[in-house]
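Below: run17.cif (mmCIF, C-alpha atoms)
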```cif
data_protein
#
loop_
_atom_site.label_atom_id
_atom_site.label_comp_id
_atom_site.auth_asym_id
_atom_site.auth_seq_id
_atom_site.Cartn_x
_atom_site.Cartn_y
_atom_site.Cartn_z
CA MET A 1 4.02 0.71 55.24
CA PRO A 2 0.62 2.15 56.23
CA GLY A 3 -0.11 5.57 54.83
CA GLY A 4 0.64 8.68 56.81
CA PHE A 5 3.98 7.58 58.23
CA ASN A 6 7.19 9.46 57.53
CA ALA A 7 9.26 6.85 55.67
CA GLY A 8 12.56 8.46 56.60
CA ARG A 9 11.66 8.44 60.28
CA VAL A 10 10.50 4.81 60.10
CA ALA A 11 13.87 3.88 58.59
CA ALA A 12 15.68 5.85 61.30
CA MET A 13 13.63 4.04 63.96
CA ALA A 14 14.43 0.66 62.41
CA GLU A 15 18.12 1.53 62.49
CA THR A 16 17.85 2.59 66.13
CA LEU A 17 16.18 -0.71 67.06
CA ALA A 18 18.84 -2.75 65.27
CA HIS A 19 21.64 -0.72 66.87
CA LYS A 20 20.10 -1.10 70.31
CA ARG A 21 19.62 -4.86 69.88
CA LEU A 22 23.23 -5.31 68.79
CA HIS A 23 24.60 -3.39 71.77
CA ALA A 24 22.24 -4.99 74.27
CA ALA A 25 23.52 -8.43 73.24
CA ALA A 26 27.13 -7.20 73.46
CA ARG A 27 26.48 -5.98 77.01
CA ALA A 28 24.96 -9.35 77.93
CA TRP A 29 27.96 -11.18 76.39
CA PRO A 30 30.96 -8.91 77.00
CA LEU A 31 33.58 -11.65 76.66
CA LEU A 32 32.12 -13.01 73.45
CA ALA A 33 31.84 -9.49 72.01
CA ARG A 34 35.44 -8.79 73.03
CA GLN A 35 36.64 -11.97 71.31
CA LEU A 36 34.91 -11.02 68.09
CA GLY A 37 35.84 -7.33 68.18
CA ASP A 38 34.94 -5.66 64.90
CA ALA A 39 33.48 -8.96 63.64
CA TRP A 40 30.77 -8.87 66.35
CA ALA A 41 28.37 -6.79 64.25
CA VAL A 42 28.86 -9.02 61.20
CA ARG A 43 28.41 -12.24 63.17
CA PHE A 44 25.41 -10.83 64.97
CA ALA A 45 23.73 -9.76 61.76
CA ALA A 46 24.36 -13.15 60.15
CA THR A 47 22.89 -15.01 63.13
CA CYS A 48 20.11 -12.80 64.46
CA ALA A 49 19.03 -10.34 61.78
CA GLY A 50 16.50 -12.76 60.31
CA THR A 51 14.85 -13.59 63.62
CA PRO A 52 12.76 -11.35 65.86
CA LEU A 53 14.06 -10.32 69.26
CA PRO A 54 12.86 -12.96 71.73
CA PRO A 55 10.22 -11.56 74.09
CA HIS A 56 12.07 -12.66 77.24
CA HIS A 57 15.82 -12.64 77.89
CA GLY A 58 16.25 -11.27 74.36
CA PRO A 59 19.85 -9.99 74.58
CA LEU A 60 20.94 -13.12 76.42
CA LEU A 61 19.38 -15.41 73.85
CA ASP A 62 20.68 -13.33 70.92
CA GLY A 63 24.27 -13.61 72.14
CA TRP A 64 23.71 -17.26 73.00
CA ARG A 65 22.92 -17.97 69.36
CA VAL A 66 26.11 -16.25 68.21
CA ALA A 67 28.12 -18.20 70.79
CA GLU A 68 26.62 -21.48 69.59
CA VAL A 69 27.52 -20.72 65.98
CA LEU A 70 31.13 -20.14 67.01
CA GLU A 71 31.04 -23.24 69.19
CA GLY A 72 29.86 -25.27 66.21
CA GLU A 73 32.70 -23.90 64.12
CA GLY A 74 35.23 -24.67 66.87
CA LEU A 75 36.13 -21.00 67.15
CA LEU A 76 34.92 -20.14 70.64
CA GLY A 77 37.76 -18.70 72.76
CA PRO A 78 38.34 -19.78 76.38
CA ALA A 79 36.80 -16.67 77.96
CA ALA A 80 33.72 -16.79 75.75
CA THR A 81 33.45 -20.53 76.48
CA ARG A 82 33.25 -19.77 80.19
CA GLU A 83 30.62 -17.15 79.43
CA LEU A 84 28.55 -19.68 77.48
CA LEU A 85 28.92 -22.20 80.28
CA GLY A 86 27.75 -19.60 82.79
CA ALA A 87 24.63 -19.02 80.70
CA ARG A 88 23.99 -22.75 80.35
CA LEU A 89 24.30 -23.22 84.10
CA ARG A 90 21.69 -20.52 84.72
CA PHE A 91 19.24 -21.30 81.92
CA ARG A 92 18.07 -24.08 79.69
CA ARG A 93 16.46 -23.67 76.32
CA GLY A 94 12.75 -23.99 76.89
CA PRO A 95 9.84 -24.40 74.53
CA GLU A 96 9.57 -22.00 71.61
CA GLU A 97 13.24 -21.09 71.80
CA GLY A 98 12.78 -19.33 75.14
CA LEU A 99 15.06 -19.64 78.16
CA GLN A 100 13.96 -21.27 81.40
CA PRO A 101 15.90 -20.56 84.62
CA ARG A 102 17.61 -23.63 86.08
CA THR A 103 16.47 -23.45 89.69
CA GLY A 104 17.80 -26.77 90.92
CA ALA A 105 20.41 -27.11 93.65
CA TRP A 106 22.97 -28.12 91.09
CA ALA A 107 23.51 -28.04 87.34
CA TRP A 108 26.12 -29.06 84.84
CA ALA A 109 26.95 -27.80 81.38
CA LEU A 110 29.36 -28.63 78.60
CA ALA A 111 30.82 -26.38 75.91
CA ARG A 112 33.32 -26.86 73.12
CA SER A 113 35.91 -24.18 72.60
CA ALA A 114 38.73 -23.75 70.10
CA GLU A 115 40.94 -25.52 72.62
CA GLY A 116 38.77 -28.46 73.57
CA ARG A 117 35.76 -29.27 75.71
CA CYS A 118 35.07 -27.72 79.09
CA LEU A 119 32.72 -29.09 81.75
CA ALA A 120 31.18 -26.75 84.33
CA LEU A 121 29.29 -27.59 87.50
CA ARG A 122 27.22 -25.33 89.73
CA LEU A 123 26.81 -26.65 93.23
CA ALA A 124 25.77 -24.87 96.44
CA GLY A 125 26.06 -21.49 94.76
CA ARG A 126 29.60 -22.10 93.53
CA THR A 127 30.78 -22.86 90.02
CA PHE A 128 33.55 -25.27 89.09
CA SER A 129 34.96 -25.96 85.66
CA VAL A 130 37.42 -28.41 84.24
CA TRP A 131 38.92 -28.86 80.80
CA LEU A 132 38.38 -32.40 79.60
CA PRO A 133 41.28 -34.55 78.40
CA GLY A 134 42.43 -33.77 74.90
CA ARG A 135 42.69 -30.04 75.39
CA ARG A 136 44.81 -28.47 72.72
CA ALA A 137 47.48 -25.91 73.53
CA PRO A 138 46.24 -22.35 73.13
CA SER A 139 47.00 -20.84 69.78
CA PRO A 140 49.91 -18.37 69.90
CA PRO A 141 48.79 -14.77 69.77
CA PRO A 142 49.25 -13.04 66.43
CA PRO A 143 52.27 -10.74 66.10
CA ALA A 144 51.59 -7.23 67.37
CA SER A 145 52.51 -5.70 64.06
CA SER A 146 54.04 -6.73 60.78
CA PRO A 147 57.39 -5.30 59.78
CA PRO A 148 57.28 -2.99 56.79
CA THR A 149 57.96 -4.74 53.53
CA MET B 1 7.04 13.50 98.39
CA ARG B 2 10.40 15.19 97.89
CA LEU B 3 13.07 12.96 96.40
CA GLY B 4 15.90 15.48 95.94
CA ILE B 5 18.86 14.79 93.65
CA GLY B 6 19.21 11.29 92.29
CA CYS B 7 21.05 9.06 89.92
CA GLY B 8 20.12 6.03 87.89
CA TRP B 9 21.63 3.09 89.75
CA ARG B 10 23.77 0.92 87.50
CA ALA B 11 26.31 -1.68 88.64
CA SER B 12 29.08 0.42 87.04
CA LEU B 13 28.00 3.44 89.12
CA ALA B 14 27.44 1.59 92.41
CA ALA B 15 30.75 2.64 93.99
CA TYR B 16 30.38 6.23 92.81
CA ILE B 17 26.87 6.57 94.24
CA GLN B 18 27.83 4.88 97.49
CA GLN B 19 30.45 7.59 98.06
CA ARG B 20 27.97 10.41 97.41
CA PRO B 21 25.66 10.93 100.41
CA ALA B 22 24.32 13.99 98.61
CA VAL B 23 22.52 11.56 96.28
CA THR B 24 19.24 11.23 98.14
CA PHE B 25 17.51 8.81 95.76
CA VAL B 26 18.38 6.29 93.10
CA GLU B 27 16.28 4.72 90.41
CA VAL B 28 16.81 1.02 89.70
CA LEU B 29 15.72 -0.78 86.57
CA ALA B 30 13.24 -3.46 87.60
CA GLU B 31 14.50 -5.72 84.84
CA ASP B 32 18.04 -5.59 86.31
CA LEU B 33 17.04 -6.88 89.74
CA PRO B 34 15.97 -10.39 90.71
CA ALA B 35 12.51 -11.09 92.09
CA HIS B 36 14.10 -13.67 94.39
CA GLY B 37 17.53 -14.21 95.88
CA PRO B 38 19.96 -11.62 97.14
CA LEU B 39 19.86 -8.00 96.02
CA PRO B 40 23.13 -6.25 95.13
CA PRO B 41 24.88 -5.48 98.46
CA ALA B 42 25.64 -1.92 97.32
CA LEU B 43 21.92 -1.29 96.99
CA GLU B 44 21.30 -2.57 100.52
CA VAL B 45 23.95 -0.12 101.81
CA LEU B 46 22.16 2.78 100.12
CA ARG B 47 18.84 1.78 101.61
CA GLU B 48 20.37 1.57 105.08
CA ARG B 49 21.66 5.13 104.83
CA GLY B 50 18.18 6.39 103.97
CA CYS B 51 18.57 6.75 100.23
CA GLN B 52 15.19 6.19 98.58
CA VAL B 53 15.03 3.58 95.82
CA VAL B 54 12.53 4.21 93.05
CA VAL B 55 11.79 1.30 90.72
CA HIS B 56 11.69 2.02 87.01
CA GLY B 57 10.27 -0.45 84.49
CA VAL B 58 10.97 -0.60 80.77
CA SER B 59 9.13 -3.77 79.73
CA LEU B 60 5.58 -3.48 81.04
CA SER B 61 4.32 -2.22 77.67
CA LEU B 62 1.41 -0.18 79.01
CA GLY B 63 0.35 0.71 75.48
CA SER B 64 -0.10 -2.88 74.31
CA ALA B 65 -3.61 -3.59 73.06
CA GLU B 66 -3.15 -7.26 73.97
CA GLY B 67 -2.84 -6.32 77.65
CA LEU B 68 -0.05 -6.59 80.17
CA ASP B 69 2.31 -9.51 80.46
CA PRO B 70 1.45 -10.94 83.90
CA ARG B 71 5.06 -12.04 84.40
CA ALA B 72 6.40 -8.52 83.79
CA LEU B 73 3.82 -7.03 86.17
CA GLU B 74 4.50 -9.62 88.86
CA HIS B 75 8.24 -8.94 88.57
CA LEU B 76 7.72 -5.18 88.86
CA CYS B 77 5.56 -5.63 91.96
CA ARG B 78 8.00 -8.01 93.60
CA VAL B 79 11.02 -5.76 93.00
CA ALA B 80 9.11 -2.71 94.32
CA GLU B 81 8.30 -4.62 97.49
CA ARG B 82 11.85 -5.88 97.92
CA VAL B 83 13.53 -2.46 97.75
CA ARG B 84 10.62 -0.78 99.63
CA ALA B 85 10.21 1.69 96.79
CA PRO B 86 8.14 4.81 97.48
CA LEU B 87 7.16 4.90 93.82
CA VAL B 88 7.27 2.87 90.62
CA SER B 89 7.58 4.43 87.19
CA GLU B 90 6.97 3.22 83.64
CA HIS B 91 6.57 4.69 80.19
CA VAL B 92 3.69 5.79 77.99
CA CYS B 93 4.68 3.46 75.18
CA PHE B 94 4.52 -0.10 73.94
CA VAL B 95 7.39 -2.57 73.58
CA ARG B 96 5.39 -5.68 72.58
CA ALA B 97 2.81 -6.42 69.91
CA GLY B 98 1.71 -9.54 68.11
CA GLY B 99 4.13 -11.70 70.05
CA LEU B 100 7.12 -9.58 69.05
CA ASP B 101 9.35 -7.55 71.35
CA SER B 102 10.91 -4.33 70.07
CA GLY B 103 13.52 -4.01 72.82
CA HIS B 104 12.84 -0.28 72.59
CA LEU B 105 10.21 2.16 73.83
CA LEU B 106 7.84 2.85 70.94
CA PRO B 107 5.23 5.60 70.71
CA VAL B 108 1.52 4.92 70.94
CA PRO B 109 -1.04 6.55 68.64
CA ARG B 110 -2.55 9.53 70.42
CA THR B 111 -6.12 8.45 69.75
CA ALA B 112 -9.18 7.67 71.87
CA ALA B 113 -8.76 3.94 71.22
CA SER B 114 -5.15 4.02 72.34
CA LEU B 115 -6.03 6.08 75.40
CA GLU B 116 -8.62 3.47 76.36
CA VAL B 117 -6.00 0.71 76.15
CA LEU B 118 -3.54 2.72 78.24
CA VAL B 119 -6.11 3.56 80.90
CA GLU B 120 -7.11 -0.08 81.26
CA ASN B 121 -3.51 -1.29 81.48
CA VAL B 122 -2.45 1.45 83.88
CA ARG B 123 -5.39 0.72 86.17
CA ARG B 124 -4.53 -2.96 86.15
CA ALA B 125 -0.91 -2.17 87.02
CA GLN B 126 -1.99 0.22 89.78
CA ALA B 127 -4.25 -2.44 91.28
CA ALA B 128 -1.31 -4.84 91.53
CA LEU B 129 1.48 -2.46 92.55
CA PRO B 130 2.11 -1.83 96.25
CA VAL B 131 2.97 1.86 95.68
CA PRO B 132 1.87 4.73 93.37
CA LEU B 133 2.76 4.66 89.69
CA ALA B 134 4.31 7.53 87.71
CA LEU B 135 4.23 7.63 83.91
CA GLU B 136 6.99 8.98 81.70
CA ASN B 137 6.92 10.73 78.34
CA ILE B 138 9.20 9.04 75.80
CA ALA B 139 11.37 10.39 73.00
CA SER B 140 10.46 9.24 69.51
CA PRO B 141 11.31 10.77 66.17
CA LEU B 142 8.45 8.72 64.74
CA GLU B 143 4.82 9.62 65.27
CA TRP B 144 1.63 7.81 64.35
CA PRO B 145 -0.59 9.59 61.86
CA GLY B 146 -4.03 10.74 62.90
CA ALA B 147 -3.17 12.07 66.38
CA GLU B 148 -6.26 13.44 68.10
CA TRP B 149 -4.33 15.30 70.79
CA GLU B 150 -0.94 16.87 71.33
CA GLU B 151 1.27 14.82 73.64
CA PRO B 152 0.86 16.91 76.83
CA VAL B 153 -2.92 16.88 76.48
CA PHE B 154 -2.89 13.13 75.89
CA LEU B 155 -0.76 12.73 79.03
CA SER B 156 -3.17 14.92 81.01
CA LEU B 157 -6.13 12.80 79.96
CA LEU B 158 -4.31 9.60 80.85
CA LEU B 159 -3.19 10.82 84.26
CA GLU B 160 -6.58 12.35 85.01
CA GLN B 161 -8.39 9.09 84.28
CA THR B 162 -5.95 6.92 86.21
CA GLY B 163 -4.67 9.15 89.00
CA ALA B 164 -1.12 8.27 88.02
CA GLN B 165 1.74 10.70 88.64
CA LEU B 166 4.04 12.27 86.08
CA LEU B 167 7.66 11.38 85.52
CA LEU B 168 8.79 14.14 83.20
CA ASP B 169 11.83 13.21 81.13
CA ALA B 170 13.31 16.60 80.29
CA ALA B 171 15.82 15.04 77.90
CA ASN B 172 13.01 13.34 75.99
CA LEU B 173 11.15 16.63 75.81
CA TYR B 174 14.32 18.29 74.50
CA ALA B 175 14.70 15.51 71.91
CA GLN B 176 11.11 16.07 70.77
CA SER B 177 11.78 19.79 70.43
CA VAL B 178 14.81 19.09 68.20
CA ASN B 179 13.40 16.20 66.17
CA CYS B 180 9.70 17.05 65.93
CA GLY B 181 9.60 20.80 66.44
CA VAL B 182 7.79 20.60 69.79
CA ASP B 183 7.59 23.98 71.54
CA VAL B 184 8.89 23.32 75.07
CA GLY B 185 7.03 26.21 76.68
CA ARG B 186 3.69 25.28 75.12
CA TRP B 187 4.27 21.61 75.98
CA LEU B 188 4.93 22.45 79.63
CA ASP B 189 1.93 24.78 79.79
CA ALA B 190 -0.37 21.96 78.66
CA ALA B 191 1.28 19.14 80.62
CA PRO B 192 -0.15 17.83 83.92
CA LEU B 193 2.64 19.37 86.02
CA HIS B 194 0.45 19.34 89.15
CA ARG B 195 1.03 15.58 89.13
CA LEU B 196 4.83 15.87 88.83
CA ALA B 197 6.65 13.21 90.88
CA TYR B 198 10.20 13.61 89.58
CA VAL B 199 12.27 14.45 86.54
CA HIS B 200 14.81 12.65 84.36
CA ALA B 201 17.81 14.33 82.76
CA ALA B 202 20.28 12.63 80.44
CA GLY B 203 22.83 13.27 77.75
CA GLY B 204 22.60 12.50 74.08
CA THR B 205 24.12 13.24 70.73
CA ARG B 206 23.16 14.31 67.22
CA ARG B 207 23.50 11.60 64.58
CA GLY B 208 22.06 11.41 61.10
CA GLY B 209 20.22 14.70 61.47
CA LEU B 210 18.41 13.56 64.62
CA TYR B 211 19.06 14.05 68.32
CA HIS B 212 19.44 10.71 70.11
CA ASP B 213 18.80 10.47 73.85
CA THR B 214 21.61 7.98 74.39
CA HIS B 215 22.23 8.24 78.14
CA ALA B 216 25.87 7.79 77.11
CA HIS B 217 26.97 11.37 76.42
CA PRO B 218 27.31 14.56 78.50
CA LEU B 219 24.24 16.64 79.26
CA PRO B 220 23.56 18.94 76.31
CA ALA B 221 23.69 22.63 77.20
CA PRO B 222 20.17 23.33 75.81
CA LEU B 223 18.71 20.89 78.34
CA LEU B 224 19.22 23.37 81.16
CA PRO B 225 16.76 25.94 79.76
CA VAL B 226 14.18 23.12 79.56
CA LEU B 227 14.66 22.48 83.28
CA GLU B 228 14.56 26.22 84.02
CA ALA B 229 11.31 26.51 82.08
CA LEU B 230 9.88 23.64 84.13
CA ARG B 231 11.05 25.16 87.42
CA ALA B 232 9.46 28.47 86.46
CA ARG B 233 6.12 26.66 86.30
CA ARG B 234 6.41 24.10 89.07
CA GLU B 235 8.68 23.19 91.98
CA ILE B 236 10.85 20.23 91.01
CA PRO B 237 10.46 17.60 93.76
CA GLY B 238 13.18 15.31 92.43
CA LEU B 239 15.65 15.35 89.57
CA MET B 240 17.98 12.57 88.53
CA LEU B 241 20.73 11.89 86.04
CA GLU B 242 20.42 8.84 83.79
CA ARG B 243 23.78 7.53 82.61
CA ASP B 244 23.81 4.03 81.12
CA ASP B 245 27.05 3.74 79.17
CA ARG B 246 30.44 5.34 78.45
CA PHE B 247 30.70 6.22 82.12
CA PRO B 248 32.77 9.38 82.66
CA PRO B 249 35.20 10.15 85.51
CA ALA B 250 33.61 10.86 88.90
CA ALA B 251 34.46 14.57 88.66
CA GLU B 252 32.41 14.84 85.48
CA LEU B 253 29.40 13.16 87.10
CA ASP B 254 29.80 15.41 90.15
CA ALA B 255 29.78 18.46 87.91
CA GLU B 256 26.64 17.31 86.09
CA LEU B 257 24.78 16.51 89.31
CA ALA B 258 25.81 19.85 90.83
CA GLN B 259 24.64 21.65 87.71
CA LEU B 260 21.31 19.82 87.77
CA ALA B 261 20.85 20.61 91.47
CA ARG B 262 21.54 24.30 90.92
CA THR B 263 19.13 24.44 88.00
CA ALA B 264 16.37 22.66 89.89
CA GLY B 265 16.93 24.50 93.18
CA LEU B 266 17.70 21.26 95.00
CA PRO B 267 20.44 20.76 97.62
CA TRP B 268 23.73 19.21 96.55
CA GLU B 269 26.06 19.37 99.47
CA GLY B 270 29.37 18.95 97.76
CA GLY B 271 28.82 15.45 96.47
CA THR B 272 31.14 13.31 98.60
CA GLY B 273 30.95 13.04 102.34
CA GLU B 274 34.52 14.37 102.60
CA GLN B 275 33.67 17.48 100.65
CA SER B 276 30.52 17.97 102.69
CA ARG B 277 32.50 17.86 105.93
CA ALA B 278 35.17 20.17 104.52
CA ALA B 279 32.49 22.67 103.63
#
```

Take the structure in the file and write it out as structure tokens.
Amino acid sequence: MPGGFNAGRVAAMAETLAHKRLHAAARAWPLLARQLGDAWAVRFAATCAGTPLPPHHGPLLDGWRVAEVLEGEGLLGPAATRELLGARLRFRRGPEEGLQPRTGAWAWALARSAEGRCLALRLAGRTFSVWLPGRRAPSPPPPASSPPT
Amino acid sequence: MRLGIGCGWRASLAAYIQQRPAVTFVEVLAEDLPAHGPLPPALEVLRERGCQVVVHGVSLSLGSAEGLDPRALEHLCRVAERVRAPLVSEHVCFVRAGGLDSGHLLPVPRTAASLEVLVENVRRAQAALPVPLALENIASPLEWPGAEWEEPVFLSLLLEQTGAQLLLDAANLYAQSVNCGVDVGRWLDAAPLHRLAYVHAAGGTRRGGLYHDTHAHPLPAPLLPVLEALRARREIPGLMLERDDRFPPAAELDAELAQLARTAGLPWEGGTGEQSRAA
């Protein structure tokens, strides 16, 4: 650190920036953040902490990376899958990891969730989605509480 | 130009603001609105009823030595045109450097070299924008070493050389008084208040020994004396509440807006149309 700076204040500022980045991505990806709950911060740190905030569409791209990690692990829930599809219908990954708006009259996107693959189509301003054959039954929800042992 | 009592327009507050004709202006974030395609219908309704829409930018990075991002400037101009804004505002800060984006408003060194960069960038923005530009003081617990001027003097020099107006964020000034020991009265005495366009007020919280201007908490009681000190020196032409998260019930927002209006000496006719008629 260059001389003359207050180290404690620099650390506080770094914490503020990290906190703001985390919450900005959660606001851009509310369904994904809701799926992960308390694990959101851990997942986010594991995926994004080592990379700088992208200069354009930063929160969107940050959350996108987290969603793709879950997609790769087959852990993306149905709601977060639709959120990822929505992002893929609006943007494509451009050069240098940026996002380019998809301005065409139509677009399609595919995503893999915990329950199978989902295909989405944007046409004439409307979005359609269909689960492809082979969709697995949704996992049963966990019990609300465990009985005392 | 008299703006009156306003509110930061957020999608979560659209219905609340629409039902409050006493809100005479809103401030939209340029980055939240598209440069093309339809605008939010709720915003169109506000414009039709005569509510002024000020455009506020957070990503122009006027303090960047590498110059302005032409895309960010073009977007700001386009949004200002689309909502027929009477005014555009931005911050005295930088958010980009060396190809990196901070995602947060960061302080500039208060030096002659930094002032030169700001003046050049502000002039370039003014040349492109269709309406006047107002510049806002930020809150930062971190300061660059080697400051050549106090913040209000630095702001005066910047506004004098560019002709820009002042957006005074009273909550940021309060944060600076808590975190950096700034004397509010002395700050206001040295600030370019004759260029005052409007004022921000927002809530925050103390965390880790510092006051954070979160825009997600109620207005702190000590903010009101800051506004009173400002009003004692200069008429307040417009005052608005910034609330970005943890949105409270409508009654709580009404109470905060009414309190701000009283403090600033601005009309607040009961908030909702129903209450106005009942009165």

message: Report, in Å to a single decimal, how far apart CA of Glu143 (chain B) and CA of Leu106 (chain B) are.
response: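 The value is 9.3 Å.
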
message: Need the shell around Arg43 (chain A): protein/DNA/RNA residues with any atom at most 10 Å away, counting all atoms listed in the file. Skip same-chain ones fewer than 2 positions apart. Format as a list in words?
response: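 Final neighbour list, sorted by chain and number: Ala33, Leu36, Asp38, Ala39, Trp40, Ala41, Ala45, Ala46, Thr47, Cys48, Ala49, Gly63, Val66, Ala67, Val69 and Leu70 of chain A.
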
field: Residues in the PyMOL selection byres ((chain A) within 9 of (chain B)), expressed as a ChimeraX atom specification
entry: /A:3-6,9-10,12-13,16-17,20-21,24,52-56,58-59

- request: Please work out which residues fall within 10 Å of (23.3, -21.9, 95.2), coordinates as given in the file, with only C-alpha atoms counting, and return them as a ChimeraX atom specification.
  value: /A:103-107,122-127 /B:37

Distance of CA of Trp149 (chain B) from CA of Ala134 (chain B), expressed in Å to one decimal place: 20.5 Å

Sphere at (19.4, -23.7, 73.8), radius 12 Å, counting all atoms listed in the file: residues as number ranges by chain: A: 60-69, 84-85, 87-101, 109, 111

- prompt: Hey, can you check how far CA of Arg207 (chain B) sits from CA of Ala229 (chain B)?
  reply: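 For CA of Arg207 (chain B) relative to CA of Ala229 (chain B), the distance reads 26.0 Å.
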
- prompt: Pick from B:Pro109, B:Leu115, B:Glu90, B:Ala127: nearest to Leu168 (chain B), with only C-alpha atoms counted?
  reply: B:Glu90

- request: Would you translate the PyMOL selection byres ((chain B and resi 79) around 9) into the concrete set of residues it matches in this file, as a list in words?
  value: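 On this input, the PyMOL selection byres ((chain B and resi 79) around 9) captures Ala30, Glu31, Leu33, Pro34, Ala35, His36, Val55, Glu74, His75, Leu76, Cys77, Arg78, Ala80, Glu81, Arg82, Val83, Arg84 and Ala85 of chain B.
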
message: Give me the residues near Val108 (chain B) as a ChimeraX atom specification, where near means some atom within 7 Å (using all atoms listed in the file) and where sequence neighbours in that chain fewer than 5 positions away do not count.
response: /B:63,93-94,114

message: For the provided coordinates, the residues matched by the PyMOL selection byres ((chain B and resi 264) around 7) should be stated as a ChimeraX atom specification.
response: /B:227,231,236,260-263,265-266

As AutoDock Vina command-line options, what would the box around region 93-106 of chain B look like: edges along x, y and z, 8 Å added on every side, centre and edge lengths in Å to one decimal?
```
--center_x 7.6 --center_y -4.1 --center_z 71.6 --size_x 27.8 --size_y 31.2 --size_z 23.1
```

task: Just the residues within 12 Å of Trp131 (chain A), please, counting only C-alpha atoms, with nothing from its chain fewer than 5 positions along; format it as a PyMOL selection string.
output: chain A and resi 78+81-82+110-121+136-137

statement: For His23 (chain A), the closest of A:Leu132, A:Pro2, A:Gly72, A:Phe44 counting all atoms listed in the file is A:Phe44

What would region 218-229 of chain B look like with N, CA, C and O atoms in place, written as a short mmCIF file (atom, residue, chain, number, x, y, z; two decimals), keeping the file's coordinate frame?
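Output (selection_36.cif):
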```cif
data_model
loop_
_atom_site.label_atom_id
_atom_site.label_comp_id
_atom_site.auth_asym_id
_atom_site.auth_seq_id
_atom_site.Cartn_x
_atom_site.Cartn_y
_atom_site.Cartn_z
N PRO B 218 27.53 13.48 77.51
CA PRO B 218 27.31 14.56 78.50
C PRO B 218 25.95 15.24 78.30
O PRO B 218 25.37 15.18 77.21
N LEU B 219 25.49 15.89 79.36
CA LEU B 219 24.24 16.64 79.26
C LEU B 219 24.40 17.72 78.20
O LEU B 219 25.39 18.46 78.22
N PRO B 220 23.45 17.86 77.29
CA PRO B 220 23.56 18.94 76.31
C PRO B 220 23.21 20.28 76.97
O PRO B 220 22.30 20.36 77.79
N ALA B 221 23.93 21.31 76.60
CA ALA B 221 23.69 22.63 77.20
C ALA B 221 22.23 23.08 77.07
O ALA B 221 21.66 23.65 78.02
N PRO B 222 21.56 22.84 75.93
CA PRO B 222 20.17 23.33 75.81
C PRO B 222 19.18 22.60 76.71
O PRO B 222 18.01 22.98 76.76
N LEU B 223 19.64 21.56 77.43
CA LEU B 223 18.71 20.89 78.34
C LEU B 223 18.43 21.77 79.56
O LEU B 223 17.33 21.71 80.14
N LEU B 224 19.40 22.56 79.95
CA LEU B 224 19.22 23.37 81.16
C LEU B 224 18.06 24.37 81.02
O LEU B 224 17.26 24.50 81.96
N PRO B 225 17.94 25.06 79.90
CA PRO B 225 16.76 25.94 79.76
C PRO B 225 15.43 25.19 79.84
O PRO B 225 14.42 25.76 80.28
N VAL B 226 15.41 23.93 79.43
CA VAL B 226 14.18 23.12 79.56
C VAL B 226 13.85 22.96 81.05
O VAL B 226 12.69 23.12 81.47
N LEU B 227 14.88 22.65 81.84
CA LEU B 227 14.66 22.48 83.28
C LEU B 227 14.27 23.81 83.93
O LEU B 227 13.43 23.85 84.84
N GLU B 228 14.90 24.90 83.46
CA GLU B 228 14.56 26.22 84.02
C GLU B 228 13.11 26.58 83.69
O GLU B 228 12.39 27.12 84.53
N ALA B 229 12.70 26.23 82.48
CA ALA B 229 11.31 26.51 82.08
C ALA B 229 10.34 25.69 82.94
O ALA B 229 9.26 26.17 83.32
#
```
